[in-house]
$ cat start-v8.txt   # compact mmCIF, C-alpha atoms and all ligand atoms
# COMPACT_ATOMS: atom_id res chain seq x y z
CA SER B 1 176.27 313.25 81.17
CA ASP B 2 173.40 313.79 78.74
CA THR B 3 173.82 310.73 76.57
CA ASN B 4 172.39 307.50 77.86
CA SER B 5 173.94 304.48 76.20
CA ILE B 6 172.11 301.16 76.25
CA LEU B 7 173.12 297.74 74.98
CA ILE B 8 170.11 295.49 74.35
CA LEU B 9 170.75 291.74 74.52
CA PRO B 10 167.38 290.02 73.96
CA GLY B 11 168.83 286.51 74.17
CA ASP B 12 166.66 283.46 73.69
CA GLY B 13 163.05 282.28 73.81
CA ILE B 14 160.67 284.85 75.25
CA GLY B 15 163.65 287.13 75.89
CA ALA B 16 163.26 288.58 72.40
CA GLU B 17 159.48 288.82 72.77
CA VAL B 18 159.50 290.79 76.01
CA MET B 19 162.40 292.99 74.89
CA ALA B 20 160.42 294.14 71.84
CA GLU B 21 157.96 295.72 74.28
CA VAL B 22 160.75 297.46 76.20
CA VAL B 23 161.91 299.04 72.94
CA LYS B 24 158.45 300.62 72.60
CA VAL B 25 158.81 302.08 76.10
CA ILE B 26 162.32 303.42 75.39
CA ASP B 27 160.98 305.09 72.24
CA TRP B 28 158.16 306.64 74.25
CA PHE B 29 160.57 308.22 76.73
CA GLN B 30 162.72 309.53 73.88
CA ASP B 31 159.73 311.06 72.09
CA ASN B 32 157.87 312.37 75.12
CA ARG B 33 160.38 313.06 77.87
CA GLY B 34 163.29 314.51 75.94
CA MET B 35 165.59 311.70 77.01
CA ALA B 36 168.37 310.85 74.56
CA PHE B 37 169.28 307.19 74.34
CA THR B 38 171.81 305.57 72.06
CA VAL B 39 170.69 302.00 71.67
CA ASP B 40 172.76 299.14 70.30
CA HIS B 41 171.52 295.56 69.85
CA ASP B 42 173.61 292.40 70.12
CA LEU B 43 173.47 288.68 70.86
CA VAL B 44 173.83 286.63 74.03
CA GLY B 45 173.14 283.02 75.02
CA GLY B 46 171.96 280.48 72.49
CA ALA B 47 171.46 283.22 69.89
CA ALA B 48 175.15 284.16 70.19
CA TYR B 49 176.15 280.49 70.12
CA ASP B 50 174.23 280.00 66.87
CA ALA B 51 176.00 283.02 65.34
CA HIS B 52 179.54 282.74 66.75
CA GLY B 53 179.86 279.34 68.41
CA LYS B 54 180.01 280.86 71.88
CA PRO B 55 177.38 282.28 74.24
CA LEU B 56 179.04 285.71 74.44
CA SER B 57 181.61 287.11 72.02
CA ASP B 58 184.53 289.21 73.23
CA GLU B 59 183.19 292.11 71.14
CA THR B 60 179.83 291.97 72.92
CA MET B 61 181.59 291.72 76.28
CA ALA B 62 183.59 294.86 75.47
CA LYS B 63 180.44 296.73 74.45
CA ALA B 64 178.75 295.73 77.71
CA GLN B 65 181.68 297.13 79.68
CA ALA B 66 181.43 300.47 77.90
CA VAL B 67 177.70 301.31 78.08
CA ASP B 68 175.68 302.92 80.87
CA ALA B 69 173.22 300.05 80.98
CA VAL B 70 172.85 296.56 79.54
CA LEU B 71 169.27 295.33 79.12
CA LEU B 72 169.04 291.55 78.91
CA GLY B 73 165.99 289.40 78.08
CA ALA B 74 166.70 285.78 78.97
CA VAL B 75 169.02 282.98 77.92
CA GLY B 76 168.75 279.23 77.54
CA GLY B 77 166.53 276.62 76.03
CA PRO B 78 166.22 272.90 75.36
CA LYS B 79 168.04 273.23 72.03
CA TYR B 80 171.23 274.00 73.98
CA ASP B 81 170.85 271.58 76.90
CA ASP B 82 173.39 269.09 75.59
CA LEU B 83 176.12 271.61 74.77
CA ASP B 84 179.47 271.42 76.48
CA PHE B 85 179.23 273.22 79.84
CA SER B 86 181.44 276.14 78.78
CA LEU B 87 179.28 276.78 75.71
CA LYS B 88 175.90 276.77 77.43
CA PRO B 89 173.78 279.95 77.05
CA GLU B 90 173.83 280.50 80.83
CA ARG B 91 177.65 280.88 80.71
CA GLY B 92 177.20 284.01 78.60
CA LEU B 93 175.08 285.64 81.29
CA LEU B 94 177.41 284.49 84.07
CA ARG B 95 180.40 285.93 82.19
CA LEU B 96 178.67 289.31 81.93
CA ARG B 97 177.92 289.34 85.64
CA LYS B 98 181.43 288.24 86.62
CA GLU B 99 183.51 290.40 84.27
CA MET B 100 181.40 293.49 84.87
CA ASP B 101 181.72 292.68 88.60
CA LEU B 102 177.98 293.18 89.18
CA TYR B 103 178.05 292.12 92.80
CA ALA B 104 174.71 293.54 93.98
CA ASN B 105 171.61 292.01 92.39
CA LEU B 106 168.47 293.90 93.41
CA ARG B 107 165.32 291.81 93.12
CA PRO B 108 162.28 293.72 94.37
CA ALA B 109 159.05 291.80 94.92
CA GLN B 110 156.03 294.02 95.03
CA CYS B 111 152.44 292.86 95.03
CA PHE B 112 150.27 295.20 93.00
CA ASP B 113 146.85 295.40 94.59
CA ALA B 114 145.15 294.33 91.35
CA LEU B 115 147.11 291.06 91.45
CA ALA B 116 146.75 290.14 95.11
CA ASP B 117 144.23 287.44 94.20
CA PHE B 118 146.60 285.86 91.67
CA SER B 119 149.26 285.00 94.20
CA SER B 120 149.25 281.38 95.29
CA LEU B 121 149.04 282.78 98.82
CA LYS B 122 146.04 284.47 100.41
CA ARG B 123 145.36 288.11 99.59
CA GLU B 124 145.73 289.14 103.24
CA VAL B 125 149.25 287.66 103.32
CA VAL B 126 150.55 289.42 100.19
CA ALA B 127 148.48 292.60 99.71
CA GLY B 128 150.75 295.64 99.87
CA LEU B 129 153.90 293.55 99.87
CA ASP B 130 157.06 295.50 99.01
CA ILE B 131 160.31 293.72 99.76
CA LEU B 132 163.76 293.88 98.20
CA ILE B 133 166.08 290.90 97.96
CA VAL B 134 169.73 291.89 97.52
CA ARG B 135 171.50 288.85 96.14
CA GLU B 136 175.31 288.65 95.97
CA LEU B 137 175.93 287.87 92.31
CA THR B 138 179.61 287.39 91.51
CA SER B 139 180.90 284.88 94.02
CA GLY B 140 179.88 282.01 96.24
CA ILE B 141 179.21 278.52 94.97
CA TYR B 142 178.47 279.79 91.45
CA PHE B 143 182.13 280.68 90.93
CA GLY B 144 184.22 279.09 93.72
CA GLN B 145 187.18 276.84 92.93
CA PRO B 146 187.73 273.93 92.86
CA ARG B 147 184.84 272.88 90.68
CA GLY B 148 184.23 270.19 88.10
CA ILE B 149 183.24 266.59 87.50
CA GLU B 150 186.05 264.12 88.19
CA ASP B 151 186.72 260.43 88.50
CA ASP B 152 186.40 259.16 92.03
CA THR B 153 187.31 255.54 92.39
CA SER B 154 187.09 255.48 96.17
CA GLU B 155 185.71 252.26 97.47
CA GLY B 156 181.95 251.90 97.43
CA ASN B 157 181.35 254.87 95.07
CA GLU B 158 178.97 253.40 92.56
CA GLY B 159 179.48 255.08 89.16
CA GLY B 160 183.02 256.20 90.02
CA ARG B 161 182.58 259.97 89.68
CA VAL B 162 182.30 263.10 91.85
CA GLY B 163 180.77 266.53 91.14
CA ILE B 164 182.45 269.44 92.93
CA ASN B 165 181.46 273.04 93.62
CA THR B 166 182.90 275.29 96.29
CA GLN B 167 181.15 277.88 98.42
CA ARG B 168 183.71 280.59 99.03
CA TYR B 169 183.26 284.18 100.23
CA THR B 170 185.91 286.71 101.16
CA SER B 171 185.21 289.29 103.84
CA GLY B 172 185.52 292.02 101.21
CA GLU B 173 182.89 290.41 99.00
CA ILE B 174 180.48 290.21 101.92
CA ARG B 175 181.13 293.76 103.13
CA ARG B 176 180.51 295.39 99.76
CA VAL B 177 177.15 293.71 99.15
CA ALA B 178 176.16 294.38 102.77
CA ARG B 179 176.86 298.11 102.17
CA SER B 180 174.56 298.02 99.13
CA ALA B 181 171.80 296.49 101.24
CA PHE B 182 172.17 299.03 104.06
CA GLU B 183 172.25 301.95 101.61
CA LEU B 184 169.06 300.71 99.94
CA ALA B 185 167.36 300.11 103.30
CA LYS B 186 167.99 303.73 104.29
CA LYS B 187 165.77 304.82 101.39
CA ARG B 188 163.05 302.32 102.37
CA ASP B 189 161.90 301.06 105.78
CA ASN B 190 165.44 301.04 107.23
CA ARG B 191 165.52 297.32 108.00
CA VAL B 192 167.89 294.60 106.75
CA CYS B 193 167.55 290.86 107.34
CA SER B 194 170.67 288.87 106.45
CA MET B 195 170.24 285.20 105.53
CA GLU B 196 172.86 282.42 105.56
CA LYS B 197 173.41 279.07 107.21
CA ALA B 198 175.90 279.99 109.92
CA ASN B 199 174.74 276.89 111.77
CA VAL B 200 176.35 274.55 109.24
CA MET B 201 178.72 276.55 107.00
CA GLU B 202 181.91 278.46 107.81
CA SER B 203 181.14 280.81 104.92
CA GLY B 204 177.85 281.46 106.69
CA ILE B 205 179.63 282.30 109.97
CA LEU B 206 181.87 284.75 108.13
CA TRP B 207 178.84 286.19 106.29
CA ARG B 208 177.05 286.89 109.58
CA GLN B 209 180.13 288.41 111.24
CA GLU B 210 180.97 290.69 108.33
CA VAL B 211 177.41 291.93 107.80
CA GLN B 212 177.28 292.69 111.53
CA TRP B 213 180.66 294.50 111.26
CA VAL B 214 179.43 296.73 108.44
CA HIS B 215 176.31 297.44 110.44
CA ASP B 216 178.10 298.28 113.71
CA ASN B 217 180.78 300.42 112.07
CA GLU B 218 178.92 302.14 109.27
CA TYR B 219 175.14 301.75 109.58
CA PRO B 220 174.30 301.49 113.30
CA ASP B 221 170.97 303.25 112.70
CA VAL B 222 169.65 300.62 110.31
CA GLU B 223 167.83 297.75 112.01
CA LEU B 224 169.70 294.48 111.33
CA SER B 225 168.53 290.93 111.97
CA HIS B 226 169.97 287.54 110.99
CA MET B 227 168.09 284.44 109.94
CA TYR B 228 169.01 280.97 108.75
CA ALA B 229 168.13 280.77 105.07
CA ASP B 230 165.89 277.71 105.42
CA ASN B 231 163.84 279.49 108.05
CA GLY B 232 163.93 282.54 105.76
CA ALA B 233 162.28 280.52 102.99
CA MET B 234 159.55 279.46 105.39
CA GLN B 235 159.07 283.01 106.73
CA LEU B 236 158.85 284.35 103.16
CA VAL B 237 155.74 282.30 102.52
CA ARG B 238 154.37 282.50 106.07
CA ASN B 239 154.51 286.26 106.50
CA PRO B 240 156.48 288.00 103.75
CA ARG B 241 155.59 291.52 104.88
CA GLN B 242 157.79 291.15 107.97
CA PHE B 243 160.75 291.88 105.64
CA ASP B 244 162.06 295.09 104.13
CA VAL B 245 165.50 294.35 102.63
CA ILE B 246 166.90 290.81 102.60
CA VAL B 247 170.61 290.38 101.89
CA THR B 248 171.90 286.94 101.03
CA ASP B 249 174.40 284.98 98.98
CA ASN B 250 174.31 283.99 95.33
CA LEU B 251 172.61 280.60 95.55
CA PHE B 252 170.22 281.33 98.42
CA GLY B 253 169.29 284.58 96.66
CA ASP B 254 168.54 282.74 93.43
CA ILE B 255 166.15 280.38 95.15
CA LEU B 256 164.55 282.85 97.56
CA SER B 257 163.83 285.31 94.74
CA ASP B 258 161.99 282.72 92.66
CA ALA B 259 159.94 281.88 95.74
CA ALA B 260 159.25 285.59 96.28
CA ALA B 261 158.01 285.79 92.69
CA MET B 262 154.90 283.83 93.53
CA LEU B 263 154.03 286.38 96.21
CA THR B 264 153.48 288.89 93.41
CA GLY B 265 151.25 286.68 91.28
CA SER B 266 153.69 285.61 88.56
CA LEU B 267 157.34 285.13 87.79
CA GLY B 268 156.55 287.34 84.81
CA MET B 269 156.29 290.32 87.18
CA LEU B 270 159.75 290.36 88.78
CA PRO B 271 162.43 292.77 87.52
CA SER B 272 166.04 292.99 88.61
CA ALA B 273 169.03 295.29 88.54
CA SER B 274 172.60 294.03 88.83
CA LEU B 275 174.94 296.79 89.93
CA GLY B 276 178.71 297.08 90.27
CA ALA B 277 181.15 299.80 91.19
CA PRO B 278 180.81 303.33 89.79
CA MET B 279 182.34 303.98 86.35
CA ALA B 280 184.30 307.11 85.43
CA ASN B 281 181.04 308.98 84.77
CA GLY B 282 179.81 308.16 88.28
CA ARG B 283 177.16 305.71 87.13
CA PRO B 284 177.37 302.13 88.38
CA LYS B 285 178.21 299.34 85.99
CA ALA B 286 174.76 297.91 85.42
CA LEU B 287 172.75 295.16 83.82
CA TYR B 288 168.96 294.94 84.01
CA GLU B 289 167.01 291.75 83.40
CA PRO B 290 163.77 290.07 84.40
CA VAL B 291 164.15 287.35 87.03
CA HIS B 292 162.46 284.80 84.78
CA GLY B 293 164.11 282.68 82.09
CA SER B 294 163.47 282.00 78.42
CA ALA B 295 160.23 280.05 79.08
CA PRO B 296 160.53 277.50 76.27
CA ASP B 297 157.05 276.18 77.07
CA ILE B 298 155.39 279.40 75.88
CA THR B 299 157.92 280.76 73.38
CA GLY B 300 156.48 282.00 70.09
CA GLN B 301 152.89 282.06 71.32
CA GLY B 302 152.54 285.71 72.29
CA LYS B 303 151.82 284.64 75.87
CA ALA B 304 154.84 286.04 77.67
CA ASN B 305 154.26 288.75 80.25
CA PRO B 306 156.58 291.66 79.36
CA ILE B 307 156.08 293.48 82.68
CA ALA B 308 159.17 292.02 84.43
CA CYS B 309 161.34 293.24 81.56
CA ILE B 310 159.59 296.63 81.38
CA LEU B 311 159.95 297.12 85.15
CA SER B 312 163.64 296.23 84.75
CA PHE B 313 163.91 299.19 82.40
CA ALA B 314 162.22 301.30 85.09
CA MET B 315 165.04 300.24 87.40
CA ALA B 316 167.52 301.37 84.71
CA LEU B 317 165.82 304.79 84.64
CA ARG B 318 166.24 305.00 88.42
CA TYR B 319 169.71 303.52 89.00
CA SER B 320 171.60 304.26 85.77
CA PHE B 321 169.96 307.36 84.35
CA ASP B 322 169.11 309.14 87.60
CA ARG B 323 165.49 309.53 86.52
CA GLY B 324 163.53 308.27 89.49
CA ASP B 325 160.67 310.47 88.26
CA ALA B 326 160.51 308.64 84.93
CA ALA B 327 160.83 305.27 86.70
CA SER B 328 157.86 306.10 88.93
CA GLU B 329 155.88 307.24 85.89
CA LEU B 330 156.50 303.91 84.17
CA GLU B 331 155.66 301.91 87.30
CA ALA B 332 152.42 303.87 87.64
CA ALA B 333 151.53 303.05 84.02
CA VAL B 334 152.04 299.34 84.74
CA GLU B 335 149.90 299.60 87.84
CA LYS B 336 147.15 301.38 85.89
CA VAL B 337 147.04 298.74 83.17
CA LEU B 338 146.74 296.02 85.81
CA ALA B 339 144.07 297.98 87.67
CA ASP B 340 142.17 298.22 84.37
CA GLY B 341 142.06 294.43 84.37
CA LEU B 342 144.48 293.81 81.50
CA ARG B 343 146.35 290.52 81.94
CA THR B 344 148.68 288.27 80.01
CA ALA B 345 147.99 284.55 80.17
CA ASP B 346 150.16 283.91 83.23
CA LEU B 347 147.75 286.12 85.23
CA THR B 348 144.41 284.81 84.05
CA GLY B 349 143.43 282.03 86.37
CA PRO B 350 139.87 280.87 86.76
CA GLY B 351 137.68 283.95 86.66
CA GLY B 352 140.57 286.07 85.49
CA GLY B 353 139.03 287.01 82.15
CA ASP B 354 140.53 286.90 78.70
CA ALA B 355 144.26 287.21 78.26
CA ILE B 356 145.88 289.80 76.03
CA SER B 357 149.08 289.14 74.09
CA THR B 358 152.62 290.22 74.89
CA SER B 359 152.50 293.03 72.35
CA GLN B 360 149.04 294.16 73.42
CA MET B 361 150.37 294.45 76.97
CA GLY B 362 153.32 296.55 75.77
CA ASP B 363 151.00 298.76 73.73
CA SER B 364 148.65 299.17 76.69
CA ILE B 365 151.48 300.29 78.95
CA VAL B 366 152.63 302.84 76.35
CA ALA B 367 149.03 304.03 76.00
CA ALA B 368 148.78 304.39 79.79
CA LEU B 369 151.97 306.48 79.77
CA SER B 370 150.47 308.74 77.13
CA SER B 371 147.10 309.12 78.80
CA ALA B 372 148.72 310.07 82.11
CA ALA B 373 151.12 312.49 80.44
P1 LIG J 401 161.60 280.02 83.29
O1 LIG J 401 161.67 281.21 84.16
O2 LIG J 401 162.04 280.19 81.89
O3 LIG J 401 160.11 279.45 83.28
C1 LIG J 401 159.46 278.94 84.46
C2 LIG J 401 157.92 278.98 84.26
O4 LIG J 401 157.47 280.33 84.34
C3 LIG J 401 157.48 278.47 82.88
O5 LIG J 401 156.27 277.79 83.02
C4 LIG J 401 157.27 279.75 82.08
O6 LIG J 401 156.33 279.63 81.04
C5 LIG J 401 156.82 280.73 83.14
N1 LIG J 401 157.26 282.09 82.83
C6 LIG J 401 158.51 282.59 82.95
N2 LIG J 401 158.56 283.85 82.54
C7 LIG J 401 157.32 284.18 82.14
C8 LIG J 401 156.73 285.37 81.60
N3 LIG J 401 157.45 286.50 81.39
N4 LIG J 401 155.42 285.35 81.26
C9 LIG J 401 154.69 284.25 81.46
N5 LIG J 401 155.17 283.10 81.99
C10 LIG J 401 156.48 283.06 82.31
O7 LIG J 401 162.48 278.89 84.02
P2 LIG J 401 162.91 277.42 83.50
O8 LIG J 401 161.80 276.83 82.70
O9 LIG J 401 163.41 276.74 84.70
O10 LIG J 401 164.16 277.66 82.55
C11 LIG J 401 164.07 277.75 81.12
C12 LIG J 401 165.42 278.18 80.58
O11 LIG J 401 165.69 279.53 80.99
C13 LIG J 401 166.61 277.36 81.09
O12 LIG J 401 167.50 277.20 80.02
C14 LIG J 401 167.21 278.22 82.19
O13 LIG J 401 168.57 278.00 82.40
C15 LIG J 401 166.96 279.59 81.65
N6 LIG J 401 166.89 280.65 82.66
C16 LIG J 401 167.45 281.82 82.30
C17 LIG J 401 167.38 282.90 83.16
C18 LIG J 401 167.98 284.18 82.73
O14 LIG J 401 168.26 284.37 81.56
N7 LIG J 401 168.19 285.10 83.63
C19 LIG J 401 166.69 282.77 84.37
C20 LIG J 401 166.11 281.54 84.69
C21 LIG J 401 166.20 280.47 83.82
C1 LIG J 402 168.68 283.81 87.39
C2 LIG J 402 168.95 282.52 86.66
C3 LIG J 402 170.44 282.35 86.47
C4 LIG J 402 171.07 282.12 87.84
C5 LIG J 402 170.90 281.26 85.51
C6 LIG J 402 170.17 281.30 84.20
C7 LIG J 402 172.38 281.36 85.28
O1 LIG J 402 168.36 281.45 87.31
O2 LIG J 402 169.10 284.88 86.91
O3 LIG J 402 168.02 283.79 88.43
O4 LIG J 402 171.10 281.00 88.35
O5 LIG J 402 171.56 283.10 88.40
MN MN J 403 167.09 282.04 89.03

$ encode --input "start-v8.txt" --output "structure tokens"
Amino acid sequence: SDTNSILILPGDGIGAEVMAEVVKVIDWFQDNRGMAFTVDHDLVGGAAYDAHGKPLSDETMAKAQAVDAVLLGAVGGPKYDDLDFSLKPERGLLRLRKEMDLYANLRPAQCFDALADFSSLKREVVAGLDILIVRELTSGIYFGQPRGIEDDTSEGNEGGRVGINTQRYTSGEIRRVARSAFELAKKRDNRVCSMEKANVMESGILWRQEVQWVHDNEYPDVELSHMYADNGAMQLVRNPRQFDVIVTDNLFGDILSDAAAMLTGSLGMLPSASLGAPMANGRPKALYEPVHGSAPDITGQGKANPIACILSFAMALRYSFDRGDAASELEAAVEKVLADGLRTADLTGPGGGDAISTSQMGDSIVAALSSAA
């Protein structure tokens, strides 16, 4: 189809600040690449709670289901920390993921050469890094029943309560995210490493068996290995370039992807795409968001790095709008700006030079697009 519909949900904190820079990039592609976008804006998280008393309204949920791509900034903040669990900003995001059935969360971690010295690891460990974490996003301990906080008066339990969450995976849930990982690997270095804890968890045993089944029956030509997730965390910081695609569950993927962020220099660099099944028009249900959160500590100071959010839009160009060419063009503009030495505050350590603001970074990326065009 020739219309590209987008729903923008800036959310809270720096979410709104980084999304303002993405809007500049969208406008550039409309004006210079003949792409037609219809863009709607709405609320999620604390912003939606302030307006409607809940972190995601049914109207916004319905809009998200209908568009080609949702772009989300970030949700959460100290102002909302004491809200009832069901009203917390994070529930709005989790509802979007669950109801849109966005089971495959793609979290690439790439180390741009210009940033190799900003990683907390040595340049020779991270230079040239290009890995992809595929995190299962709609199941596991984030959603499993039973869950809750209950009274527990069993003898010797000081405080008298118990907190319960359940790790639960069906074979079907594992197979579908495994297929996503194998498909993506085929377009990369053709290697998948699956991470779980099959040594201590039944859900981990099932995970390993089902990933192996998908491999043996459908992708025998992709190289598959298995690793315990704790060892995986260690290997990610010891020698991250040994990996190509990592496929793992919801909670392990959450943690491993934050760890992977520091390989790239900053959490402000990591984009993500959350993809579900194809819609009637053949495009996958999709939501794009930076891996980072609302960063209350720097909100309102013009310090936020907008690159994670801008690279998330590049992923939208590639996965929702079938414009891998435009995605590469945008990624090249980001790389050029970094090579030119432009940095937001998260990337100016000692000797890193003066930081530019969030909006200056957005403007610089747009300028780099124009100068390359
Ligand atoms: P965070 O990602 O917001 O911040 C962690 C650290 O990284 C902070 O020091 C922050 O200043 C820095 N940082 C993050 N993004 C940055 C950027 N773009 N540029 C520069 N620096 C950046 O994580 P947190 O502090 O643990 O959580 C804050 C709130 O955000 C919580 O309410 C949490 O639930 C929420 N959160 C939301 C999402 C999301 O919306 N997807 C993800 C993670 C956390
Ligand atoms: C992320 C965040 C979310 C998660 C929170 C905010 C619900 O940490 O997107 O990584 O845990 O999935
Ligand atoms: Mn996280």

$ closest_residue --input "start-v8.txt" --among "B:Gly293, B:Gly276, B:Gly46, B:Gly73" --to "ligand LIG 401 (chain J)" --atoms "all atoms listed in the file"
B:Gly293

$ atom_distance --input "start-v8.txt" --atom1 "CA of Ser194 (chain B)" --atom2 "CA of Val211 (chain B)"
7.5 Å

$ residues_near_ligand --input "start-v8.txt" --ligand "ligand LIG 401 (chain J)" --cutoff "8 Å" --atoms "all atoms listed in the file" --output "VMD selection string"
chain B and resid 11 14 to 15 18 72 to 78 80 to 81 89 to 90 93 266 to 269 289 to 299 303 to 309 344 to 346

$ atom_distance --input "start-v8.txt" --atom1 "CA of Ala368 (chain B)" --atom2 "CA of Leu9 (chain B)"
25.9 Å

$ axis_aligned_box --input "start-v8.txt" --around "ligand LIG 402 (chain J)" --padding-each-side "6 Å" --output "JSON"
{"center_x": 170.2, "center_y": 282.9, "center_z": 86.3, "size_x": 16.4, "size_y": 15.9, "size_z": 16.2}

$ closest_residue --input "start-v8.txt" --among "B:Arg135, B:Lys63, B:Arg179, B:Arg147" --to "Glu218 (chain B)" --atoms "only C-alpha atoms"
B:Arg179

$ atom_distance --input "start-v8.txt" --atom1 "CA of Val245 (chain B)" --atom2 "CA of Arg191 (chain B)"
6.1 Å

$ residues_near_ligand --input "start-v8.txt" --ligand "ligand MN 403 (chain J)" --cutoff "9 Å" --atoms "all atoms listed in the file" --output "number ranges by chain"
B: 251, 253-258, 291-293

$ closest_residue --input "start-v8.txt" --among "B:Ala333, B:Asp130, B:Leu338, B:Ser180" --to "Ala367 (chain B)" --atoms "all atoms listed in the file"
B:Ala333

$ closest_residue --input "start-v8.txt" --among "B:Ala273, B:Ala260, B:Val25, B:Ala355" --to "Ser120 (chain B)" --atoms "only C-alpha atoms"
B:Ala260

$ closest_residue --input "start-v8.txt" --among "B:Ala69, B:Phe313, B:Glu59, B:Leu206" --to "Asn4 (chain B)" --atoms "all atoms listed in the file"
B:Ala69

$ residues_around --input "start-v8.txt" --residues "Val177 (chain B)" --least-positions-apart "6" --cutoff "9 Å" --atoms "all atoms listed in the file" --output "PyMOL selection string"
chain B and resi 103-105+134-136+211+247-248

$ closest_residue --input "start-v8.txt" --among "B:Asp101, B:Asp27, B:Asp50, B:Asp42" --to "Pro278 (chain B)" --atoms "all atoms listed in the file"
B:Asp101

$ residues_around --input "start-v8.txt" --residues "Gly160 (chain B)" --least-positions-apart "5" --cutoff "9 Å" --atoms "all atoms listed in the file" --output "JSON, numbers by chain"
{"B": [150, 151, 152, 153, 154, 155]}

$ residues_around --input "start-v8.txt" --residues "Ala127 (chain B)" --least-positions-apart "4" --cutoff "7 Å" --atoms "all atoms listed in the file" --output "list in words"
Cys111, Asp113, Ala116 and Arg123 of chain B

$ write_last_selection --input "start-v8.txt" --atoms "C-alpha atoms" --output "PDB file, in the frame of the given file"
ATOM      1  CA  CYS B 111     152.440 292.860  95.030  1.00  0.00           C
ATOM      2  CA  ASP B 113     146.850 295.400  94.590  1.00  0.00           C
ATOM      3  CA  ALA B 116     146.750 290.140  95.110  1.00  0.00           C
ATOM      4  CA  ARG B 123     145.360 288.110  99.590  1.00  0.00           C
TER       5      ARG B 123
END

$ residues_near_point --input "start-v8.txt" --point "(175.2, 292.0, 106.3)" --cutoff "7 Å" --atoms "all atoms listed in the file" --output "MDAnalysis selection string"
chainID B and resid 175 178 194 207:208 210:212 214:215 247

$ residues_around --input "start-v8.txt" --residues "Met262 (chain B)" --least-positions-apart "6" --cutoff "9 Å" --atoms "only C-alpha atoms" --output "number ranges by chain"
B: 118-121

$ residues_around --input "start-v8.txt" --residues "region 221-237 of chain B" --least-positions-apart "4" --cutoff "6 Å" --atoms "only C-alpha atoms" --output "PyMOL selection string"
chain B and resi 190-197

$ decode --input "start-v8.txt" --residues "region 35-75 of chain B" --atoms "C-alpha atoms" --output "PDB file, in the first residue's frame"
ATOM      1  CA  MET B  35       7.195   8.970   1.250  1.00  0.00           C
ATOM      2  CA  ALA B  36       3.636   9.635   2.405  1.00  0.00           C
ATOM      3  CA  PHE B  37       3.044   9.246   6.120  1.00  0.00           C
ATOM      4  CA  THR B  38      -0.159   9.865   8.021  1.00  0.00           C
ATOM      5  CA  VAL B  39       0.893  10.670  11.551  1.00  0.00           C
ATOM      6  CA  ASP B  40      -1.345  10.697  14.604  1.00  0.00           C
ATOM      7  CA  HIS B  41      -0.221  11.611  18.134  1.00  0.00           C
ATOM      8  CA  ASP B  42      -1.621  10.219  21.376  1.00  0.00           C
ATOM      9  CA  LEU B  43      -0.830   9.539  25.024  1.00  0.00           C
ATOM     10  CA  VAL B  44       0.630   6.570  26.874  1.00  0.00           C
ATOM     11  CA  GLY B  45       2.019   5.963  30.358  1.00  0.00           C
ATOM     12  CA  GLY B  46       1.955   8.659  32.995  1.00  0.00           C
ATOM     13  CA  ALA B  47       0.853  11.228  30.420  1.00  0.00           C
ATOM     14  CA  ALA B  48      -2.240   9.118  29.663  1.00  0.00           C
ATOM     15  CA  TYR B  49      -2.840   8.562  33.370  1.00  0.00           C
ATOM     16  CA  ASP B  50      -2.798  12.313  33.983  1.00  0.00           C
ATOM     17  CA  ALA B  51      -5.335  12.830  31.169  1.00  0.00           C
ATOM     18  CA  HIS B  52      -7.635   9.799  31.542  1.00  0.00           C
ATOM     19  CA  GLY B  53      -6.805   8.106  34.836  1.00  0.00           C
ATOM     20  CA  LYS B  54      -5.295   5.086  33.097  1.00  0.00           C
ATOM     21  CA  PRO B  55      -1.962   4.447  31.379  1.00  0.00           C
ATOM     22  CA  LEU B  56      -3.560   3.529  28.037  1.00  0.00           C
ATOM     23  CA  SER B  57      -7.105   4.348  26.945  1.00  0.00           C
ATOM     24  CA  ASP B  58      -9.168   1.879  24.931  1.00  0.00           C
ATOM     25  CA  GLU B  59      -9.308   4.447  22.112  1.00  0.00           C
ATOM     26  CA  THR B  60      -5.511   4.633  21.949  1.00  0.00           C
ATOM     27  CA  MET B  61      -5.296   0.833  22.069  1.00  0.00           C
ATOM     28  CA  ALA B  62      -7.682   0.606  19.104  1.00  0.00           C
ATOM     29  CA  LYS B  63      -5.647   3.146  17.137  1.00  0.00           C
ATOM     30  CA  ALA B  64      -2.460   1.177  17.824  1.00  0.00           C
ATOM     31  CA  GLN B  65      -4.097  -1.975  16.449  1.00  0.00           C
ATOM     32  CA  ALA B  66      -5.049  -0.205  13.226  1.00  0.00           C
ATOM     33  CA  VAL B  67      -1.821   1.561  12.182  1.00  0.00           C
ATOM     34  CA  ASP B  68       1.189   0.240  10.277  1.00  0.00           C
ATOM     35  CA  ALA B  69       3.593   1.310  13.000  1.00  0.00           C
ATOM     36  CA  VAL B  70       3.462   2.628  16.551  1.00  0.00           C
ATOM     37  CA  LEU B  71       6.425   4.779  17.615  1.00  0.00           C
ATOM     38  CA  LEU B  72       6.820   4.965  21.382  1.00  0.00           C
ATOM     39  CA  GLY B  73       9.188   7.169  23.413  1.00  0.00           C
ATOM     40  CA  ALA B  74       9.322   5.926  26.997  1.00  0.00           C
ATOM     41  CA  VAL B  75       7.027   5.558  29.980  1.00  0.00           C
TER      42      VAL B  75
END
